[in-house]
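Worksheet: the structure to be examined is printed underneath.
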Amino acid sequence: MDKIDVDSLLERMTMEQKVSLLSGKDFWNLQDIKELGIKGPMVSDGPHGLRVQRAEKDHLGIAASQKATCFPPAVTLASSWDKDLLKEVGQALGEECQEENVAVLLGPGINIKRSPLCGRNFEYYSEDPLLSGELGASFIQGVQSQGIGTSLKHFAANNQEHNRLVVDAVIDQRTLREIYLKGFEIAVKKSQPWTVMCSYNKINGEYASENNWLLNEVLKDEWGHQGLVITDWGAANDRRKGLKAGLELEMPSSGGVNDQLVIQGVKAGEISMDHLDRAVGRILKLYKKAAENNRENVVYNRENHHQLALKAAEKSMVLLKNDDDLLPLQKNQSIAVIGAFAKTPRYQGAGSSQVTPTQLSNGYDELCLYTGSQFPYAEGFLLDSEEILQNMVDEALFQASKAEVILLFAGLPPMFESEGFDRSTMEIPKNQQYLIEQLASLGKKIVILLSNGSPVEMPWLNHCQALLETYLGGQAGAEAAVRILFGEVNPSGKLAESFPKNLRDNPSYAHFPGHGRQVEYREGLYVGYRYYNSVNKNLLFPFGYGLSYGEYIYRDLKISKNTWTKGEDLSFSFTLTNQGDMDGMETAQFYIKKVERNNYRPYHELKGFCKVELKKSESKEISYSLDEEAFQFYHEETNSWQIEPGVYTLQIGSSSRNIELEAEITIQSDFQEAFSGPAIYMNPPAENFSPGDRDFQELLGREIPIPEETKPFHRNSTLGEIKKTSKGKRIYREVSKRIIKLFENQNDPEFMNMIIRMIDGMPLRSMVLMGQGKMSYAKLDAMIYMLNNRGLKGLWKFLRTK
């Protein structure tokens with residue numbers, strides 16, 4: 001393809017050619033215009049590994065994917081707290097994209113972990129926006145350093161899977177700005193992702209795909225995003241409204257249906273040529289970047305990338321418990337291996353990010369390879385059911401009785417945690433809980449290796465002496481876990497999310513996932529540790545927590561000034577010493593706390609961090625600086641970021657609950673307005689914090705929206721809603737049958753479970769958008785007439801339309 005001159009092309013293109021570029025050619029490729037020599041680039045899923053599908057005519061993206069390195073997913077990588085590592089993983093993924101001729105990698109996902117129940121938490125980094133934004137920015141910089149674009153997603157407030165295609169997230173402006181948009185702001189300003197992917201859901205009554213305030217005013221005008229906005233697959237609602245609101249590219253192809261709507265809008269004067277040219281111009285700039293950065297004959301080194309996946313897993317796994325220094329183990333210890341995950345590893349999440357790895361190890365084989373020994377083994381439990389089979393338990397007890405130490409591989413099977421649906425409980429399956437209790441009765445030392453994509457309750461915690469949170473370790477995760485168990489690697493991971501004792505302790509508990517089509521973010525700013533630490537809630541493990549095989553000493557904090565004025569940086573230094581017997585890495589975390597607590601802000605907030613490598617007995621002086629953003633809050637009355645004057649505390653800790661050093665700073669600011677909120681939100685909030693309607697209404701600054709009624713049915717009614725009627729049930733069955741038939745050759749029960757669970761949440765418009773031109777909006781509207789018991793008019797419309 002010749003070098004692309006965007007301005008020249010815009011002048012030469014017809015209106016119809018321009019409109020054709022506003023949606024994809026198929027599921028993974030952008031549109032071609034052969035007469036102009038324009039070849040559409042390819043995009044691909046892959047936040048933690050490339051998922052390229054090469055099958056011909058795979059317009060639904062359902063073919064098996066090419067083999068690629070399966071790095072640890074975001075939930076695991078975030079626990080490394082290592083920006084350099086995220087950048088390195090991004091660079092490797094960029095190399096793999098170059099080999100496969102992929103122009104844009106669809107990731108990273110940086111949505112906030114509002115609730116531990118969100119089925120897609122494994123694909124996101126953290127409950128904290130600063131950590132999410134910084135890690136996301138580093139990942140993007142790594143990928144794009146290889147001439148490959150990224151897609152920062154899902155913008156925004158996509159914090160659940162339940163009804164994700166139609167749910168309205170009702171959020172007050174300050175919470176939206178400080179919690180749910182802040183990570184995106186950091187990533188956009190620091191890394192300029194080639195694309196930003198808008199989410200399916202509504203935000204305060206407006207679909208993200210047509211939200212002018214979100215896409216134009218905030219993303220483009222305020223943050224200065226230079227790339228384009230792309231939909232999540234099938235997220236376009238009103239295409240003409242979306243185009244004017246800043247949505248450039250719809251994916252996948254709608255079979256020309258939405259192209260015709262845009263053409264009609266331009267001809268009718270509803271859409272100006274300026275709007276169209278601005279959108280097409282941004283799309284052509286993506287084509288230009290893809291063409292200029294394409295490198296032929298790239299072949300990445302499979303083994304080097306596998307070794308990077310191993311390093312990433314080693315740096316990310318979190319040692320949560322180690323009573324009496326049970327770990328590291330010795331090669332000559334008597335060990336039994338129990339648990340189905342030991343031979344059938346859970347190494348990645350289920351859903352659109354699923355990767356076919358270049359190689360894959362399991363825990364049992366890696367243990368045998370490392371020690372040169374064989375071990376007693378038993379499955380102990382089923383992976384596809386919670387059913388307790390006593391014969392499996394008895395076999396596990398028999399094998400475990402032969403050893404001094406039991407290594408139990410436990411966690412969440414993919415049938416319990418996946419894209420497409422949220423969990424209903426924080427428990428691990430009951431058959432695993434029962435097995436732990438039975439093994440504990442043997443009086444042996446128990447080490448649990450936990451595989452999961454989100455926090456779990458641990459009523460069984462006292463039954464084990466050591467607990468290693470491996471999360472989802474990627475293709476080299478099993479080897480990494482074994483190297484940590486035996487002390488080849490000193491664990492350095494820190495939790496990027498809090499582990500509450502019970503689901504009810506989570507501040508979103510009473511309002512997740514909402515009711516019907518509406519979810520209210522009543523907890524406001526009190527998300528994750530911002531709530532738990534404000535009320536001093538008793539936790540299993542706090543945000544930022546993680547053990548090592550040694551001890552790190554923090555001392556000698558020095559700050560550049562005790563009085564700070566707007567526009568200055570706050571610089572500080574301290575000494576960090578490794579007092580252990582092994583080389584290791586420690587993540588120092590920097591929090592800011594407002595001393596006066598009778599206002600609406602959390603107890604403290606993360607404002608910086610650094611991961612430091614230290615040889616045994618080594619000391620290093622660590623220097624860091626914070627700019628004025630570390631002290632800002634979003635002031636709704638002026639729609640601006642402000643700094644409240646007063647006394648603040650700089651806290652330096654090894655976790656959010658283990659503060660090692662502190663220093664007070666007086667902040668001078670000309671902001672003098674009263675800084676408050678509804679009484680129930682004032683710091684510290686009550687431990688039984690539960691905002692009522694009046695409280696939330698005051699926080700919103702407006703009436704709480706009345707949830708949308710299910711009837712009458714409309715284009716955004718879901719298949720799950722219409723199936724409750726006799727006519728709708730027939731439509732539901734027919735659509736379900738056709739969708740399931742498309743995937744009949746997929747030998748993947750977890751994937752099929754996700755598809756079946758997702759069908760209920762599909763809006764009726766998806767039948768048009770994903771139908772490749774086989775279904776028109778007119779026919780859909782006729783069908784909706786019939787669903788609403790206007791049968792004769794609906795039949796008349798249906799027969800008259802194409």
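Letters for chains follow the order of the structure tokens (A, B, ...), residue numbers begin at 1 for each chain, and ligand numbers begin at 1 in the order shown.
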
- Message: List as a PyMOL selection string the protein and nucleic acid residues near stretch 429-442 of chain A, meaning an atom at most 6 Å away when only C-alpha atoms are counted, but skip any in the same chain fewer than 5 places from it.
- Response: chain A and resi 386-388+463

Report as a tab-separated table: every residue of stretch 530-641 of chain A with an atom at most 8 Å from stretch 118-130 of chain A, its closest pair of atoms, and their distance in Å to one decimal, counting only C-alpha atoms, with rows sorted by chain and ascending residue number.
```
residue	atom	partner	partner_atom	distance
A:Leu606	CA	A:Leu130	CA	7.0
A:Lys607	CA	A:Leu130	CA	6.8
A:Gly608	CA	A:Leu130	CA	7.7
```

- Task: Give the answer as one residue: which of A:Glu303, A:Glu605, A:Glu404, A:Glu636 has the shortest atom-to-atom distance to A:Gln589, using only C-alpha atoms?
- Result: A:Glu605

- From a DSSP calculation on the backbone, collect every residue of stretch 529-667 of chain A in strand (DSSP E) and output the set as JSON, numbers by chain. {"A": [539, 540, 541, 552, 553, 554, 555, 556, 557, 558, 559, 563, 564, 565, 570, 571, 572, 573, 574, 575, 576, 577, 578, 584, 585, 586, 587, 588, 589, 590, 591, 592, 593, 594, 605, 606, 607, 608, 609, 610, 611, 612, 613, 614, 619, 620, 621, 622, 623, 624, 625, 626, 632, 633, 634, 635, 640, 641, 642, 643, 646, 647, 648, 649, 650, 651, 652, 653, 659, 660, 661, 662, 663, 664, 665, 666, 667]}

- stretch 344-560 of chain A: which residues are alpha helix (DSSP H) by DSSP, as a ChimeraX atom specification? /A:363-371,390-400,430-440,477-485,529-532

- Message: One decimal, in Å: what's the spacing between atom CA of A:Asp32 and atom CA of A:Leu284?
- Response: 11.3 Å

- Message: Taking 3 positions as the minimum chain separation for residues in the same chain, which residues sit within 7 Å of A:Phe486 when counting only C-alpha atoms? Answer as a PyMOL selection string.
- Response: chain A and resi 328-330+482-483

Dump N, CA, C and O atoms for the selected residues as a PDB file, in the first residue's frame?
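Printed below is again-v8.pdb as written:
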```pdb
ATOM      1  N   PRO A 328      10.667 -21.440  52.553  1.00  0.00           N
ATOM      2  CA  PRO A 328      10.708 -22.388  51.435  1.00  0.00           C
ATOM      3  C   PRO A 328      10.898 -23.837  51.879  1.00  0.00           C
ATOM      4  O   PRO A 328      11.475 -24.103  52.940  1.00  0.00           O
ATOM      5  N   LEU A 329      10.398 -24.738  51.047  1.00  0.00           N
ATOM      6  CA  LEU A 329      10.539 -26.175  51.301  1.00  0.00           C
ATOM      7  C   LEU A 329      11.939 -26.652  50.900  1.00  0.00           C
ATOM      8  O   LEU A 329      12.668 -25.955  50.192  1.00  0.00           O
ATOM      9  N   GLN A 330      12.249 -27.846  51.352  1.00  0.00           N
ATOM     10  CA  GLN A 330      13.503 -28.493  50.974  1.00  0.00           C
ATOM     11  C   GLN A 330      13.212 -29.653  50.020  1.00  0.00           C
ATOM     12  O   GLN A 330      12.164 -30.296  50.106  1.00  0.00           O
ATOM     13  N   VAL A 482       6.554 -23.323  41.719  1.00  0.00           N
ATOM     14  CA  VAL A 482       7.503 -24.296  42.278  1.00  0.00           C
ATOM     15  C   VAL A 482       8.811 -23.606  42.664  1.00  0.00           C
ATOM     16  O   VAL A 482       9.386 -23.885  43.730  1.00  0.00           O
ATOM     17  N   ARG A 483       9.284 -22.698  41.846  1.00  0.00           N
ATOM     18  CA  ARG A 483      10.525 -21.996  42.165  1.00  0.00           C
ATOM     19  C   ARG A 483      10.372 -21.138  43.425  1.00  0.00           C
ATOM     20  O   ARG A 483      11.322 -20.991  44.194  1.00  0.00           O
TER      21      ARG A 483
END
```

- Considering only C-alpha atoms, return as JSON, numbers by chain whatever protein or nucleic-acid residues lie within 12 Å of A:Ala510, sequence-local ones (same chain, fewer than 5 positions apart) excluded. {"A": [115, 503, 504, 505, 515, 519, 520, 521, 522, 523, 688, 689, 690, 691, 692]}

Would you put the residues from that selection into a file with N, CA, C and O atoms, as a compact mmCIF listing (two decimals), in the first residue's frame?
```
# COMPACT_ATOMS: atom_id res chain seq x y z
N SER A 115 -16.43 -4.53 42.91
CA SER A 115 -16.88 -5.68 43.70
C SER A 115 -16.02 -6.88 43.36
O SER A 115 -15.66 -7.09 42.20
N LEU A 503 -18.19 -11.38 51.97
CA LEU A 503 -18.75 -10.59 50.88
C LEU A 503 -19.52 -9.39 51.41
O LEU A 503 -19.45 -8.29 50.86
N ARG A 504 -20.24 -9.58 52.52
CA ARG A 504 -21.05 -8.50 53.08
C ARG A 504 -20.19 -7.31 53.52
O ARG A 504 -20.70 -6.20 53.70
N ASP A 505 -18.90 -7.53 53.73
CA ASP A 505 -18.02 -6.43 54.15
C ASP A 505 -17.71 -5.47 53.02
O ASP A 505 -17.26 -4.35 53.26
N HIS A 515 -30.40 -3.54 40.24
CA HIS A 515 -31.71 -4.13 40.01
C HIS A 515 -32.15 -3.83 38.59
O HIS A 515 -32.21 -2.67 38.17
N VAL A 519 -27.78 0.21 38.11
CA VAL A 519 -26.92 -0.07 39.26
C VAL A 519 -26.48 1.27 39.84
O VAL A 519 -26.03 2.16 39.12
N GLU A 520 -26.65 1.41 41.15
CA GLU A 520 -26.34 2.67 41.83
C GLU A 520 -25.04 2.53 42.61
O GLU A 520 -24.91 1.64 43.46
N TYR A 521 -24.11 3.41 42.34
CA TYR A 521 -22.80 3.38 43.00
C TYR A 521 -22.89 4.18 44.30
O TYR A 521 -22.24 5.21 44.46
N ARG A 522 -23.68 3.68 45.23
CA ARG A 522 -23.99 4.43 46.44
C ARG A 522 -22.80 4.57 47.39
O ARG A 522 -22.81 5.45 48.25
N GLU A 523 -21.81 3.70 47.26
CA GLU A 523 -20.66 3.79 48.15
C GLU A 523 -19.78 4.99 47.84
O GLU A 523 -18.89 5.35 48.63
N ASN A 688 -21.12 0.29 59.67
CA ASN A 688 -22.28 -0.29 58.99
C ASN A 688 -22.78 0.66 57.89
O ASN A 688 -23.98 0.79 57.66
N PHE A 689 -21.86 1.31 57.24
CA PHE A 689 -22.10 2.30 56.19
C PHE A 689 -23.12 1.78 55.18
O PHE A 689 -22.87 0.78 54.50
N SER A 690 -24.26 2.45 55.07
CA SER A 690 -25.30 2.01 54.15
C SER A 690 -26.13 3.22 53.72
O SER A 690 -27.19 3.49 54.31
N PRO A 691 -25.70 3.97 52.72
CA PRO A 691 -26.42 5.17 52.30
C PRO A 691 -27.83 4.87 51.82
O PRO A 691 -28.05 3.94 51.03
N GLY A 692 -28.80 5.64 52.32
CA GLY A 692 -30.18 5.50 51.89
C GLY A 692 -30.47 6.35 50.67
O GLY A 692 -29.58 7.01 50.12
```

- Task: Please provide the set of residues having any atom within 7 Å of stretch 315-326 of chain A, restricted to only C-alpha atoms, with same-chain residues fewer than 5 positions apart removed, written as a list in words.
- Result: Thr76, Leu77, Ser79, Ser80, Gln465, Ala466, Leu467, Leu468, Glu469, Thr470, Tyr471, Pro491, Ser492, Gly493, Lys494, Leu495, Gly546, Leu547 and Ser548 of chain A

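Using only C-alpha atoms, the nearest neighbour of A:His511 within the list A:Arg114, A:Arg790, A:Lys311, A:Lys3 is A:Arg114.
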
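Among A:Glu248, A:Glu161, A:Glu185, A:Glu644, the residue with the shortest atom-to-atom distance to A:Phe631, counting only C-alpha atoms, is A:Glu644.
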
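Proximity to A:Asp259 was assessed for A:Leu21, A:Leu787, A:Ala64, A:Val299 counting only C-alpha atoms; the smallest distance is recorded for A:Leu21.
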